[in-house]
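Here the structure is laid out as structure tokens; the discussion comes afterwards.
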Amino acid sequence: LAKHEQNDAIANRIKAVRRMRARGANVQCIAGDVADLASLSGVMESIREQFGQLNGVVHAAGVLRDRLIHSLSPNDLQEVLQPKVTGAWALDHTTWSESLDFIIHFSSVAAAHGQVGQAAYAAANAYLDAFVQRRSNEGPRVMSLAWGPWAEVGMAAEHFAPEQWEQAGIEPITPAIGRQLFSAALEHAAPQWEIYKQTAKPKLAPPQVSPEVNVLGEIDATQPAASAPHAASLDDADSKRELRKRLIEHLRERFAATLGVAAAELGPRVNFQE
């Protein structure tokens, strides 16, 4: 604590750990990278050696690199996607054989209501929500909690001014309310929740999940491959070109509908600012 200001983010985390230990909790701080399979495997093994078994996981990793899409570099995108996308896969890989009570992934309402500059973060959390939807009927209980901004702690408190949320009509969730909402969500069977505080009352509502988009088209698994032309391996060059074509057309139609212009006006290589 002597190395930090009295109320900076790290000092507050240290104080929180000390308070939990004072109440009798055994809190261990172990450095690791959830997006690095070898690092995560080492952390899991350390936990098993010390405690005998792992009972539950809360996946709360995340990185912000807010930029307009045309300013996003491949490195920016990778840094944002790794904690959510690669992290979810690595946790799944290292815990699949465990008899866990739950795996809770902390997503964000940015996936559905992202602010300007949060394309990468919205995409990362949208993947996390889709991953949970896919895994919700398999193995241990898996949930996705899409949080709105928290006050006092978390990335929103560190990177955004309260006035920004006020303008968006959202009130940051206090840690005390957040803990109550976390407990409330765990009492329900739904695997996905959006949790945010709007006006004076916290809102806890199942997200409106858009119908799944199958870019490759519907494939009838009961039919032979010859009658399902889109079922070819993506290692095939023609299949890759077909996938790219369908994806571009789908995105063009969605963007055109959102922008209120004809799809033909949107070229795949035309900057949105042009």
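Every chain in the structure tokens takes a letter, A first, then B, and so on in the order presented; its residues are numbered from 1, and the ligands are numbered from 1 following the presented order.
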Polymer residues at most 12 Å from region 54-60 of chain A, only C-alpha atoms, same-chain spacing of 5 or more positions, as a PyMOL selection string: chain A and resi 33-35+40+43-49+83-92+94-108+125+128+132+140-147+154-155+182
Nearby residues (only C-alpha atoms) at most 10 Å from Arg252 (chain A), same-chain spacing under 5 positions excluded, as a list in words: Arg246, Leu247, Ala257, Thr258, Ala262, Ala263, Ala264, Glu265, Leu266, Gly267 and Pro268 of chain A
Ile173 (chain A) surroundings by only C-alpha atoms, 8 Å radius, close-in-sequence under 2 positions cut, as an NGL selection string: :A and (148-151 or 171 or 175 or 177-178 or 196-197 or 202)
